[in-house]
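S.K.: File follows, data_6.cif with mmCIF, C-alpha atoms:
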```cif
data_work
#
loop_
_atom_site.label_atom_id
_atom_site.label_comp_id
_atom_site.auth_asym_id
_atom_site.auth_seq_id
_atom_site.Cartn_x
_atom_site.Cartn_y
_atom_site.Cartn_z
CA MET Y 222 -30.12 23.95 -65.37
CA SER Y 223 -30.30 26.38 -62.46
CA THR Y 224 -32.28 23.90 -60.38
CA GLU Y 225 -29.80 21.14 -61.11
CA ARG Y 226 -26.90 23.36 -60.07
CA ASP Y 227 -28.63 24.45 -56.88
CA GLY Y 228 -29.28 20.83 -55.96
CA LYS Y 229 -25.61 20.03 -56.35
CA ALA Y 230 -24.66 23.06 -54.29
CA LYS Y 231 -26.74 21.82 -51.36
CA SER Y 232 -24.98 18.46 -51.07
CA THR Y 233 -21.99 18.16 -48.72
CA VAL Y 234 -18.89 16.42 -50.10
CA PHE Y 235 -18.04 14.51 -46.93
CA PRO Y 236 -15.05 12.47 -48.22
CA VAL Y 237 -13.13 15.63 -49.15
CA LEU Y 238 -14.36 17.44 -46.03
CA PHE Y 239 -13.10 14.71 -43.70
CA ALA Y 240 -9.84 14.52 -45.65
CA ILE Y 241 -9.17 18.25 -45.23
CA SER Y 242 -10.06 17.97 -41.53
CA ILE Y 243 -7.49 15.17 -41.10
CA ALA Y 244 -4.99 17.31 -43.04
CA HIS Y 245 -5.78 20.12 -40.57
CA LEU Y 246 -5.04 17.75 -37.69
CA ILE Y 247 -1.69 16.81 -39.27
CA ASN Y 248 -0.77 20.43 -39.98
CA ASP Y 249 -1.55 21.70 -36.48
CA SER Y 250 0.03 18.69 -34.77
CA LEU Y 251 3.28 19.42 -36.67
CA GLN Y 252 3.04 23.04 -35.57
CA ALA Y 253 2.49 21.84 -31.98
CA VAL Y 254 5.78 19.92 -32.20
CA ILE Y 255 7.64 23.22 -31.78
CA PRO Y 256 6.39 24.16 -28.27
CA ALA Y 257 6.34 20.48 -27.28
CA SER Y 258 10.09 20.34 -27.95
CA TYR Y 259 10.96 23.36 -25.77
CA PRO Y 260 12.04 21.43 -22.63
CA ILE Y 261 14.40 19.29 -24.72
CA LEU Y 262 15.75 22.10 -26.92
CA ARG Y 263 16.48 24.21 -23.86
CA ASP Y 264 18.73 21.48 -22.44
CA SER Y 265 20.24 20.02 -25.63
CA LEU Y 266 21.09 23.39 -27.25
CA HIS Y 267 21.41 25.40 -24.00
CA LEU Y 268 18.77 27.95 -25.03
CA SER Y 269 17.66 30.82 -22.81
CA TYR Y 270 14.03 31.69 -22.08
CA THR Y 271 14.45 34.77 -24.27
CA GLN Y 272 15.49 32.55 -27.18
CA LEU Y 273 12.50 30.26 -26.56
CA GLY Y 274 10.28 33.35 -26.56
CA MET Y 275 11.74 34.42 -29.91
CA ILE Y 276 11.03 30.96 -31.34
CA THR Y 277 7.40 31.35 -30.23
CA PHE Y 278 7.17 34.81 -31.80
CA ILE Y 279 8.65 33.60 -35.11
CA LEU Y 280 6.27 30.62 -35.13
CA TYR Y 281 3.16 32.75 -34.58
CA PHE Y 282 4.27 35.49 -36.94
CA SER Y 283 5.06 33.15 -39.83
CA SER Y 284 2.05 30.87 -39.27
CA SER Y 285 -0.69 33.31 -38.26
CA VAL Y 286 0.04 36.92 -39.15
CA MET Y 287 0.94 35.99 -42.73
CA GLN Y 288 -2.29 34.07 -43.38
CA PRO Y 289 -4.40 36.99 -44.72
CA PHE Y 290 -1.71 37.78 -47.31
CA VAL Y 291 -1.46 34.16 -48.40
CA GLY Y 292 -5.26 34.03 -48.53
CA ALA Y 293 -5.44 37.18 -50.67
CA PHE Y 294 -2.95 35.68 -53.13
CA ALA Y 295 -4.94 32.43 -53.27
CA ASP Y 296 -8.16 34.39 -53.90
CA ALA Y 297 -6.55 36.06 -56.90
CA ARG Y 298 -4.78 32.93 -58.17
CA PRO Y 299 -6.17 29.68 -56.71
CA THR Y 300 -3.30 27.17 -56.67
CA PRO Y 301 -4.48 23.69 -55.57
CA TYR Y 302 -1.03 22.11 -55.37
CA MET Y 303 0.13 24.80 -52.98
CA LEU Y 304 -1.37 22.51 -50.28
CA PRO Y 305 1.02 19.52 -50.65
CA ALA Y 306 3.88 21.96 -51.34
CA GLY Y 307 3.22 23.56 -47.95
CA MET Y 308 3.22 20.18 -46.22
CA LEU Y 309 6.55 19.44 -47.87
CA LEU Y 310 7.91 22.53 -46.09
CA SER Y 311 6.74 21.04 -42.79
CA PHE Y 312 8.57 17.82 -43.69
CA LEU Y 313 11.78 19.81 -44.17
CA GLY Y 314 11.11 21.70 -40.94
CA MET Y 315 10.80 18.48 -38.93
CA LEU Y 316 13.98 17.18 -40.54
CA GLY Y 317 15.82 20.38 -39.66
CA LEU Y 318 14.55 20.32 -36.09
CA ALA Y 319 15.74 16.75 -35.55
CA PHE Y 320 19.31 17.52 -36.67
CA ALA Y 321 19.57 21.22 -35.66
CA PRO Y 322 23.05 21.88 -34.22
CA GLY Y 323 22.18 25.32 -32.90
CA TYR Y 324 19.68 28.12 -32.36
CA MET Y 325 19.71 29.60 -35.88
CA THR Y 326 18.98 26.23 -37.48
CA VAL Y 327 16.02 25.82 -35.13
CA LEU Y 328 14.72 29.25 -36.19
CA GLY Y 329 15.01 28.27 -39.86
CA SER Y 330 13.09 25.05 -39.22
CA VAL Y 331 10.38 26.96 -37.33
CA VAL Y 332 9.99 29.41 -40.24
CA LEU Y 333 9.43 26.48 -42.63
CA VAL Y 334 6.75 24.97 -40.36
CA GLY Y 335 5.14 28.39 -39.88
CA ILE Y 336 4.97 29.19 -43.59
CA ALA Y 337 3.50 25.73 -44.25
CA SER Y 338 0.75 26.47 -41.73
CA ALA Y 339 0.12 29.91 -43.25
CA VAL Y 340 -0.27 28.27 -46.67
CA PHE Y 341 -2.60 25.56 -45.42
CA HIS Y 342 -5.19 27.41 -43.34
CA PRO Y 343 -6.73 29.84 -45.89
CA GLU Y 344 -6.89 27.19 -48.61
CA GLY Y 345 -8.09 24.53 -46.16
CA ALA Y 346 -10.89 26.83 -44.99
CA ARG Y 347 -11.81 27.53 -48.62
CA ILE Y 348 -12.06 23.80 -49.40
CA ALA Y 349 -14.26 23.30 -46.33
CA TYR Y 350 -16.44 26.14 -47.67
CA LEU Y 351 -16.63 24.58 -51.15
CA THR Y 352 -17.48 21.11 -49.83
CA ALA Y 353 -20.12 22.38 -47.40
CA GLY Y 354 -23.14 22.73 -49.67
CA SER Y 355 -25.92 24.21 -47.53
CA ARG Y 356 -24.28 23.11 -44.22
CA ARG Y 357 -21.44 25.58 -43.99
CA GLY Y 358 -21.51 25.73 -40.20
CA LEU Y 359 -21.20 21.95 -39.88
CA ALA Y 360 -18.46 21.81 -42.52
CA GLN Y 361 -16.37 24.51 -40.89
CA SER Y 362 -16.79 22.84 -37.49
CA ILE Y 363 -15.54 19.51 -38.86
CA PHE Y 364 -12.58 21.33 -40.39
CA GLN Y 365 -11.72 23.29 -37.23
CA VAL Y 366 -12.08 20.28 -34.89
CA GLY Y 367 -9.23 18.62 -36.79
CA GLY Y 368 -6.98 21.57 -36.04
CA ASN Y 369 -8.01 21.78 -32.39
CA ALA Y 370 -7.28 18.09 -31.90
CA GLY Y 371 -3.87 18.51 -33.50
CA SER Y 372 -2.96 21.44 -31.25
CA ALA Y 373 -4.07 19.54 -28.15
CA MET Y 374 -1.51 16.81 -28.86
CA ALA Y 375 1.47 18.92 -27.70
CA PRO Y 376 1.57 17.57 -24.10
CA LEU Y 377 1.41 13.98 -25.39
CA MET Y 378 4.27 14.67 -27.80
CA THR Y 379 6.44 15.95 -24.98
CA ALA Y 380 5.76 12.91 -22.81
CA LEU Y 381 5.83 10.16 -25.45
CA ILE Y 382 8.30 11.40 -28.06
CA PHE Y 383 10.74 14.04 -26.88
CA TYR Y 384 11.45 12.77 -23.38
CA PRO Y 385 12.29 9.21 -24.54
CA PHE Y 386 14.08 10.15 -27.81
CA GLY Y 387 15.34 13.69 -27.20
CA GLN Y 388 15.67 16.25 -29.98
CA PHE Y 389 16.09 13.50 -32.58
CA GLY Y 390 12.53 12.41 -31.76
CA ALA Y 391 11.34 15.07 -34.23
CA ILE Y 392 12.42 12.70 -37.02
CA TRP Y 393 9.31 10.58 -36.36
CA PHE Y 394 7.13 13.50 -37.44
CA THR Y 395 8.62 13.42 -40.95
CA ILE Y 396 6.52 10.28 -41.42
CA VAL Y 397 3.42 12.23 -40.36
CA ALA Y 398 4.35 15.04 -42.78
CA ALA Y 399 4.86 12.54 -45.63
CA LEU Y 400 1.37 11.14 -45.02
CA GLY Y 401 0.11 14.72 -45.08
CA VAL Y 402 1.70 15.31 -48.49
CA VAL Y 403 -0.07 12.24 -49.92
CA LEU Y 404 -3.43 13.21 -48.40
CA GLN Y 405 -3.25 16.84 -49.53
CA THR Y 406 -2.23 15.81 -53.04
CA TRP Y 407 -5.50 13.85 -53.25
CA VAL Y 408 -7.45 16.85 -51.94
CA ALA Y 409 -5.64 19.15 -54.39
CA ARG Y 410 -6.77 16.97 -57.31
CA TRP Y 411 -10.41 17.34 -56.24
CA TYR Y 412 -9.89 21.08 -55.75
CA LYS Y 413 -8.37 21.44 -59.22
CA GLY Y 414 -11.28 19.56 -60.77
CA HIS Y 415 -13.74 21.77 -58.92
CA LEU Y 416 -12.06 24.92 -60.23
CA MET Y 417 -12.16 23.62 -63.79
CA THR Y 418 -15.87 22.76 -63.71
CA SER Y 419 -17.20 25.71 -61.70
CA ARG Y 420 -17.28 29.40 -62.55
CA GLN Y 421 -18.71 30.39 -59.19
CA MET Y 422 -15.40 31.62 -57.73
CA THR Y 423 -14.89 34.04 -60.60
CA LYS Y 424 -18.44 35.33 -60.29
CA ASN Y 425 -18.12 35.81 -56.55
CA LYS Y 426 -14.83 37.62 -56.96
CA THR Y 427 -16.34 40.23 -59.24
CA ALA Y 428 -19.40 40.65 -57.05
CA GLY Y 429 -17.26 40.95 -53.90
CA GLN Y 430 -15.11 43.72 -55.42
CA GLU Y 431 -18.20 45.66 -56.45
CA GLU Y 432 -19.66 45.39 -52.94
CA LEU Y 433 -16.54 46.74 -51.30
CA LYS Y 434 -16.85 49.97 -53.27
CA TYR Y 435 -20.11 51.00 -51.63
CA GLN Y 436 -20.57 48.90 -48.51
CA ARG Y 437 -18.81 50.46 -45.55
CA ARG Y 438 -20.97 48.31 -43.32
CA VAL Y 439 -19.24 45.18 -44.59
CA ILE Y 440 -15.83 46.54 -43.63
CA GLY Y 441 -17.17 47.60 -40.23
CA ALA Y 442 -18.60 44.13 -39.62
CA ILE Y 443 -15.26 42.50 -40.46
CA VAL Y 444 -13.48 44.81 -38.00
CA VAL Y 445 -15.99 43.84 -35.30
CA ILE Y 446 -15.49 40.12 -35.99
CA ILE Y 447 -11.70 40.48 -35.87
CA LEU Y 448 -11.94 42.27 -32.51
CA ILE Y 449 -14.26 39.59 -31.13
CA ALA Y 450 -11.97 36.82 -32.38
CA PHE Y 451 -8.96 38.62 -30.90
CA ALA Y 452 -10.61 38.99 -27.47
CA ARG Y 453 -11.77 35.35 -27.53
CA SER Y 454 -8.30 34.15 -28.50
CA LEU Y 455 -6.59 36.31 -25.86
CA PHE Y 456 -8.94 35.01 -23.17
CA GLY Y 457 -8.40 31.39 -24.21
CA SER Y 458 -4.62 31.81 -24.49
CA SER Y 459 -4.49 33.44 -21.06
CA ILE Y 460 -6.44 30.55 -19.54
CA GLY Y 461 -4.25 27.97 -21.26
CA THR Y 462 -0.97 29.71 -20.35
CA TYR Y 463 -1.40 31.30 -16.91
CA PHE Y 464 -4.43 29.78 -15.20
CA VAL Y 465 -2.43 26.66 -14.33
CA PHE Y 466 -0.09 28.85 -12.23
CA TYR Y 467 -3.10 30.53 -10.63
CA LEU Y 468 -4.44 27.12 -9.58
CA MET Y 469 -1.07 26.05 -8.22
CA GLU Y 470 -0.68 29.30 -6.29
CA ASN Y 471 -4.19 29.49 -4.84
CA TYR Y 472 -4.99 25.82 -4.22
CA LYS Y 473 -1.45 24.43 -3.73
CA LEU Y 474 -1.92 21.94 -6.57
CA SER Y 475 0.86 20.00 -8.24
CA ILE Y 476 1.59 20.51 -11.95
CA PRO Y 477 -0.22 17.30 -13.04
CA GLU Y 478 -3.25 18.18 -10.86
CA ALA Y 479 -3.44 21.70 -12.28
CA GLN Y 480 -3.05 20.43 -15.86
CA ILE Y 481 -6.23 18.38 -15.47
CA TYR Y 482 -8.22 21.63 -15.26
CA ILE Y 483 -6.64 22.96 -18.46
CA PHE Y 484 -7.22 19.64 -20.24
CA LEU Y 485 -10.92 19.84 -19.32
CA TYR Y 486 -11.12 23.37 -20.73
CA MET Y 487 -9.40 22.37 -23.99
CA GLY Y 488 -11.42 19.16 -24.33
CA ALA Y 489 -14.68 21.05 -23.83
CA GLY Y 490 -13.45 23.57 -26.39
CA ILE Y 491 -13.18 20.85 -29.03
CA LEU Y 492 -16.79 19.83 -28.37
CA GLY Y 493 -17.91 23.46 -28.43
CA THR Y 494 -16.20 24.00 -31.77
CA PHE Y 495 -17.94 20.97 -33.26
CA PHE Y 496 -21.47 21.72 -32.05
CA GLY Y 497 -21.33 25.48 -32.67
CA GLY Y 498 -21.29 25.14 -36.46
CA PRO Y 499 -24.36 22.91 -36.87
CA LEU Y 500 -26.19 25.07 -34.30
CA SER Y 501 -25.48 28.15 -36.44
CA ASP Y 502 -26.99 26.36 -39.45
CA ARG Y 503 -30.23 26.14 -37.46
CA ILE Y 504 -30.45 29.40 -35.47
CA GLY Y 505 -28.12 31.71 -37.41
CA ARG Y 506 -24.46 32.74 -37.33
CA LYS Y 507 -24.93 36.03 -35.47
CA ASN Y 508 -27.04 34.39 -32.76
CA VAL Y 509 -24.36 31.77 -32.04
CA ILE Y 510 -21.62 34.44 -32.00
CA LEU Y 511 -23.58 36.49 -29.46
CA LEU Y 512 -24.46 33.39 -27.44
CA SER Y 513 -20.78 32.44 -27.34
CA VAL Y 514 -19.24 35.75 -26.30
CA LEU Y 515 -22.02 37.01 -24.04
CA GLY Y 516 -23.00 33.59 -22.69
CA ALA Y 517 -19.43 33.02 -21.50
CA SER Y 518 -19.34 36.32 -19.59
CA PRO Y 519 -21.08 35.35 -16.31
CA PHE Y 520 -19.06 32.13 -16.00
CA ALA Y 521 -15.81 33.96 -16.76
CA LEU Y 522 -16.59 36.56 -14.08
CA LEU Y 523 -17.26 33.80 -11.55
CA LEU Y 524 -14.06 31.88 -12.33
CA PRO Y 525 -11.56 33.87 -10.19
CA HIS Y 526 -13.92 33.64 -7.19
CA ALA Y 527 -14.84 29.94 -7.45
CA GLY Y 528 -13.45 27.33 -5.12
CA GLU Y 529 -11.26 24.42 -6.16
CA LEU Y 530 -14.23 22.09 -6.75
CA TRP Y 531 -16.45 24.56 -8.64
CA THR Y 532 -13.61 25.49 -10.98
CA TYR Y 533 -14.00 22.12 -12.73
CA PRO Y 534 -17.54 22.68 -14.09
CA LEU Y 535 -16.89 26.37 -14.75
CA LEU Y 536 -13.94 25.58 -17.03
CA VAL Y 537 -15.95 22.92 -18.87
CA ILE Y 538 -18.84 25.34 -19.44
CA LEU Y 539 -16.44 28.11 -20.50
CA GLY Y 540 -14.68 25.79 -22.94
CA LEU Y 541 -17.97 24.74 -24.52
CA ILE Y 542 -19.44 28.24 -24.81
CA ASN Y 543 -16.28 30.23 -25.62
CA HIS Y 544 -15.27 27.93 -28.49
CA SER Y 545 -18.76 27.44 -29.93
CA SER Y 546 -18.27 30.46 -32.20
CA PHE Y 547 -14.77 29.46 -33.34
CA SER Y 548 -15.88 28.05 -36.69
CA VAL Y 549 -18.99 30.23 -36.90
CA THR Y 550 -17.06 33.52 -37.09
CA VAL Y 551 -15.15 32.13 -40.07
CA VAL Y 552 -18.34 31.13 -41.91
CA TYR Y 553 -20.02 34.45 -41.05
CA VAL Y 554 -17.23 36.46 -42.70
CA GLN Y 555 -16.97 34.03 -45.63
CA GLU Y 556 -20.65 34.65 -46.36
CA LEU Y 557 -20.17 38.37 -45.82
CA MET Y 558 -17.41 38.43 -48.48
CA PRO Y 559 -17.87 35.28 -50.61
CA GLY Y 560 -15.36 36.46 -53.21
CA LYS Y 561 -12.55 36.72 -50.64
CA VAL Y 562 -12.87 33.38 -48.83
CA GLY Y 563 -9.12 32.82 -48.47
CA MET Y 564 -8.27 36.30 -47.24
CA VAL Y 565 -11.06 36.55 -44.67
CA SER Y 566 -10.38 33.02 -43.41
CA GLY Y 567 -6.79 34.08 -42.87
CA LEU Y 568 -7.93 37.19 -41.03
CA ILE Y 569 -10.00 35.19 -38.53
CA THR Y 570 -8.10 31.92 -38.10
CA GLY Y 571 -4.69 33.48 -38.62
CA LEU Y 572 -4.28 37.14 -37.81
CA ALA Y 573 -6.84 37.42 -35.00
CA PHE Y 574 -5.72 34.16 -33.38
CA GLY Y 575 -2.04 35.05 -33.77
CA MET Y 576 -2.58 38.50 -32.27
CA GLY Y 577 -4.37 36.90 -29.33
CA ALA Y 578 -1.51 34.48 -28.74
CA ILE Y 579 1.10 37.22 -29.04
CA GLY Y 580 -1.04 39.37 -26.71
CA THR Y 581 -0.51 36.68 -24.10
CA VAL Y 582 3.06 37.99 -23.81
CA VAL Y 583 1.62 41.36 -22.73
CA VAL Y 584 -0.56 39.57 -20.16
CA GLY Y 585 2.58 37.92 -18.80
CA GLY Y 586 4.24 41.32 -18.49
CA LEU Y 587 1.24 42.64 -16.54
CA ILE Y 588 1.52 39.67 -14.17
CA ASP Y 589 5.16 40.55 -13.54
CA LEU Y 590 4.19 44.18 -12.85
CA THR Y 591 1.18 43.43 -10.64
CA SER Y 592 0.16 39.95 -9.51
CA LEU Y 593 -1.28 36.75 -10.92
CA SER Y 594 -4.60 37.12 -9.08
CA ILE Y 595 -5.15 40.70 -10.30
CA VAL Y 596 -4.50 39.85 -13.95
CA ILE Y 597 -6.63 36.68 -13.89
CA THR Y 598 -9.47 38.79 -12.48
CA LEU Y 599 -8.97 41.37 -15.25
CA CYS Y 600 -8.97 38.61 -17.88
CA SER Y 601 -12.38 37.46 -16.62
CA PHE Y 602 -13.89 40.68 -18.05
CA MET Y 603 -12.66 39.97 -21.61
CA PRO Y 604 -15.81 38.12 -22.81
CA LEU Y 605 -17.85 41.27 -22.03
CA PHE Y 606 -16.11 42.82 -25.04
CA GLY Y 607 -18.46 40.65 -27.08
CA PHE Y 608 -21.22 43.25 -26.69
CA ILE Y 609 -19.87 44.87 -29.86
CA GLY Y 610 -21.29 41.82 -31.66
CA LEU Y 611 -24.69 43.51 -31.44
CA LEU Y 612 -23.43 45.83 -34.22
CA LEU Y 613 -23.10 42.97 -36.71
CA PRO Y 614 -25.50 42.72 -39.67
CA SER Y 615 -28.14 40.03 -39.28
CA ASP Y 616 -28.00 36.71 -41.11
CA LYS Y 617 -31.13 37.75 -43.02
CA THR Y 618 -29.35 40.82 -44.37
CA ILE Y 619 -26.34 38.78 -45.49
CA ARG Y 620 -28.51 36.09 -47.10
CA GLY Y 621 -30.42 38.79 -48.94
CA ARG Y 622 -27.18 40.16 -50.37
CA LEU Y 623 -26.05 36.70 -51.45
CA GLU Y 624 -29.37 36.04 -53.19
CA GLN Y 625 -29.21 39.39 -54.99
CA LYS Y 626 -25.71 38.66 -56.29
CA LYS Y 627 -26.75 35.15 -57.32
CA ASP Y 628 -29.68 36.54 -59.29
CA LYS Y 629 -27.44 39.13 -60.98
CA ASN Y 630 -24.92 36.45 -61.92
CA GLU Y 631 -27.64 34.28 -63.45
CA MET Y 632 -29.04 37.22 -65.42
CA THR Y 633 -25.56 38.12 -66.68
CA THR Y 634 -24.56 34.59 -67.71
CA GLY Y 635 -28.00 33.37 -68.72
CA VAL Y 636 -27.60 30.29 -66.50
#
```
Output the file's structure in the form of structure tokens.

M.R.:
Amino acid sequence: MSTERDGKAKSTVFPVLFAISIAHLINDSLQAVIPASYPILRDSLHLSYTQLGMITFILYFSSSVMQPFVGAFADARPTPYMLPAGMLLSFLGMLGLAFAPGYMTVLGSVVLVGIASAVFHPEGARIAYLTAGSRRGLAQSIFQVGGNAGSAMAPLMTALIFYPFGQFGAIWFTIVAALGVVLQTWVARWYKGHLMTSRQMTKNKTAGQEELKYQRRVIGAIVVIILIAFARSLFGSSIGTYFVFYLMENYKLSIPEAQIYIFLYMGAGILGTFFGGPLSDRIGRKNVILLSVLGASPFALLLPHAGELWTYPLLVILGLINHSSFSVTVVYVQELMPGKVGMVSGLITGLAFGMGAIGTVVVGGLIDLTSLSIVITLCSFMPLFGFIGLLLPSDKTIRGRLEQKKDKNEMTTGV
């Protein structure tokens, strides 16, 4: 019976995996509607830049910072139909945004979209973990690529939806949210069936709690991963937010010309996210994490000193390398604490990413106090922070722990 179970565990459930990746694309594209609507909301509701900044803060706080708490709740009480319920909140958020008469209604709509995102990400990452079989890196990459593609749609939304239709253009995204509800209901049915037929989650939960009592190294490793993810997110957010102004200031480029550079960085990031996971399945999670953070360092240091032409390939290389560990850090921590998949997924994809995005506000303040060139140069040193990744436990150590717990579970249950 053990051999039969192991064989099943090694197979990847691709239909459900691709479905949750598409759901990720829908979720993050709906979240991207908020910043995409800023130019229109500013004019139609006469909002100030301070009010737009507050909308951004509320969005990141509700969608990212809350994820670990949602994940911890889901670890204790897995609730499959929380997924379509969250997407229903996004539907209401899009509806509210389309008809919002003022600032407070916009904030309420943003909270709904943010909470929906906070609900989706930990459970979505857990489903990717459960469908992965022996290819957890590949599965997490497929899942994360969906989200990256959704986030990258914001500029297209501004150009194709909000400019032609105005604020009411948000009504079109209720159709997208409705499709998301249907898709996630199907995924939730599979998830519910998996919970009913598998006792693995309960076993892992008990084993994970026992480990936390005597393994300070596990907690230390999680802190290191969160710091690495934070630095990576802050660097990427700074490039995406401020580097376009640096290009315009230094090379006298127009806005469309400068945006091409950022598009190349983001596009390369999607490829890096996809290929990083399968690579980690072959050479190890820690090796890919170190390759990502340390491999990006020399190119990041060159970026502020490169000419207009050389900036193109540097941004492509940085996008590929910097994002190659995006999904890998999630899988690494999931394997480090298999009984807390939802919580740790929320810590990496939610809290660390949200802190990095909010930290971009501090970077903007430094630019106001100093200069754009000085801060961009300082940001180029951020990938060097990845040296702390050398402190992480090896993949061999983590696999050994997982095998020990598996053996103990089989001895206890007689399976």

S.K.: Identify all residues satisfying the PyMOL selection byres ((chain Y and resi 320) around 9) in the given file; provide them as a PyMOL selection string.

M.R.: chain Y and resi 315-319+321-322+326+388-389+391-392

S.K.: Let me see the file: selected residues, C-alpha atoms, as an mmCIF file, in the frame of the given file.

M.R.:
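Listed below is the output, part_38.cif:
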```cif
data_model
loop_
_atom_site.group_PDB
_atom_site.id
_atom_site.type_symbol
_atom_site.label_atom_id
_atom_site.label_comp_id
_atom_site.auth_asym_id
_atom_site.auth_seq_id
_atom_site.Cartn_x
_atom_site.Cartn_y
_atom_site.Cartn_z
ATOM 1 C CA MET Y 315 10.800 18.480 -38.930
ATOM 2 C CA LEU Y 316 13.980 17.180 -40.540
ATOM 3 C CA GLY Y 317 15.820 20.380 -39.660
ATOM 4 C CA LEU Y 318 14.550 20.320 -36.090
ATOM 5 C CA ALA Y 319 15.740 16.750 -35.550
ATOM 6 C CA ALA Y 321 19.570 21.220 -35.660
ATOM 7 C CA PRO Y 322 23.050 21.880 -34.220
ATOM 8 C CA THR Y 326 18.980 26.230 -37.480
ATOM 9 C CA GLN Y 388 15.670 16.250 -29.980
ATOM 10 C CA PHE Y 389 16.090 13.500 -32.580
ATOM 11 C CA ALA Y 391 11.340 15.070 -34.230
ATOM 12 C CA ILE Y 392 12.420 12.700 -37.020
#
```

S.K.: If I take CA of Leu474 in chain Y and CA of Ser518 in chain Y, how far is one from the other in Å, to one decimal?

M.R.: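 Distance reported for this atom pair: 26.1 Å.
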
S.K.: For His267 in chain Y, work out the shell of residues within 9 Å, counting all atoms listed in the file and skipping chain neighbours fewer than 3 positions away, then give it as a PyMOL selection string.

M.R.: chain Y and resi 262-264+323-324

S.K.: Report the closest atom pair, with its distance in Å rounded to one decimal, for each residue of range 271-375 of chain Y that has an atom no farther than 9 Å from range 548-570 of chain Y; count only C-alpha atoms, sort by chain and then rising residue number, and write it as CSV.

M.R.:
```
residue,atom,partner,partner_atom,distance
Y:Ser285,CA,Y:Thr570,CA,7.5
Y:Val286,CA,Y:Leu568,CA,8.2
Y:Met287,CA,Y:Gly567,CA,8.0
Y:Gln288,CA,Y:Gly567,CA,4.5
Y:Pro289,CA,Y:Gly567,CA,4.2
Y:Phe290,CA,Y:Met564,CA,6.7
Y:Val291,CA,Y:Met564,CA,7.2
Y:Gly292,CA,Y:Met564,CA,4.0
Y:Ala293,CA,Y:Met564,CA,4.5
Y:Phe294,CA,Y:Met564,CA,8.0
Y:Ala295,CA,Y:Gly563,CA,6.4
Y:Asp296,CA,Y:Gly563,CA,5.7
Y:Ala297,CA,Y:Lys561,CA,8.7
Y:Ala339,CA,Y:Gly567,CA,8.1
Y:His342,CA,Y:Gly567,CA,6.9
Y:Pro343,CA,Y:Gly563,CA,4.6
Y:Glu344,CA,Y:Gly563,CA,6.1
Y:Gly345,CA,Y:Gly563,CA,8.7
Y:Ala346,CA,Y:Ser566,CA,6.4
Y:Arg347,CA,Y:Gly563,CA,5.9
Y:Tyr350,CA,Y:Val552,CA,7.9
Y:Arg357,CA,Y:Val552,CA,6.7
Y:Gly358,CA,Y:Val549,CA,6.1
Y:Leu359,CA,Y:Ser548,CA,8.7
Y:Ala360,CA,Y:Ser548,CA,8.9
Y:Gln361,CA,Y:Ser548,CA,5.5
Y:Ser362,CA,Y:Ser548,CA,5.3
Y:Ile363,CA,Y:Ser548,CA,8.8
Y:Phe364,CA,Y:Ser548,CA,8.4
Y:Gln365,CA,Y:Ser548,CA,6.3
Y:Val366,CA,Y:Ser548,CA,8.8
```

S.K.: Assuming the chain letters and numbering stay as they are in my file, what does the PyMOL selection byres ((chain Y and resi 313) around 9) actually select? List them as JSON, numbers by chain.

M.R.: {"Y": [308, 309, 310, 311, 312, 314, 315, 316, 317, 318, 330, 333, 334, 395, 398]}

S.K.: Save the residues we just selected, C-alpha atoms, as an mmCIF file, keeping the file's coordinate frame?

M.R.:
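Contents of out.cif, freshly written:
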```cif
data_model
loop_
_atom_site.group_PDB
_atom_site.id
_atom_site.type_symbol
_atom_site.label_atom_id
_atom_site.label_comp_id
_atom_site.auth_asym_id
_atom_site.auth_seq_id
_atom_site.Cartn_x
_atom_site.Cartn_y
_atom_site.Cartn_z
ATOM 1 C CA MET Y 308 3.220 20.180 -46.220
ATOM 2 C CA LEU Y 309 6.550 19.440 -47.870
ATOM 3 C CA LEU Y 310 7.910 22.530 -46.090
ATOM 4 C CA SER Y 311 6.740 21.040 -42.790
ATOM 5 C CA PHE Y 312 8.570 17.820 -43.690
ATOM 6 C CA GLY Y 314 11.110 21.700 -40.940
ATOM 7 C CA MET Y 315 10.800 18.480 -38.930
ATOM 8 C CA LEU Y 316 13.980 17.180 -40.540
ATOM 9 C CA GLY Y 317 15.820 20.380 -39.660
ATOM 10 C CA LEU Y 318 14.550 20.320 -36.090
ATOM 11 C CA SER Y 330 13.090 25.050 -39.220
ATOM 12 C CA LEU Y 333 9.430 26.480 -42.630
ATOM 13 C CA VAL Y 334 6.750 24.970 -40.360
ATOM 14 C CA THR Y 395 8.620 13.420 -40.950
ATOM 15 C CA ALA Y 398 4.350 15.040 -42.780
#
```

S.K.: Compile the contact shell of Val509 in chain Y as a compact mmCIF listing (two decimals) with C-alpha atoms, in the frame of the given file: residues with an atom at most 10 Å away, counting only C-alpha atoms, same-chain residues fewer than 6 positions apart removed.

M.R.:
```txt
# COMPACT_ATOMS: atom_id res chain seq x y z
CA GLY Y 497 -21.33 25.48 -32.67
CA GLY Y 498 -21.29 25.14 -36.46
CA LEU Y 500 -26.19 25.07 -34.30
CA SER Y 501 -25.48 28.15 -36.44
CA ASP Y 502 -26.99 26.36 -39.45
CA ARG Y 503 -30.23 26.14 -37.46
CA LEU Y 515 -22.02 37.01 -24.04
CA GLY Y 516 -23.00 33.59 -22.69
CA ILE Y 542 -19.44 28.24 -24.81
CA SER Y 545 -18.76 27.44 -29.93
CA SER Y 546 -18.27 30.46 -32.20
CA PHE Y 547 -14.77 29.46 -33.34
CA VAL Y 549 -18.99 30.23 -36.90
CA THR Y 550 -17.06 33.52 -37.09
```

S.K.: Once the PyMOL selection byres ((chain Y and resi 460-467) around 9) has been applied to the shown file, what residues remain in the selection, as a list in words?

M.R.: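 Selection result, ordered by chain and number: Leu455, Phe456, Gly457, Ser458, Ser459, Leu468, Met469, Glu470, Asn471, Tyr472, Ile476, Ala479, Gln480, Tyr482, Ile483, Phe484, Tyr486, Met487, Thr581, Val584, Gly585, Leu593, Ser594, Ile597 and Cys600 of chain Y.
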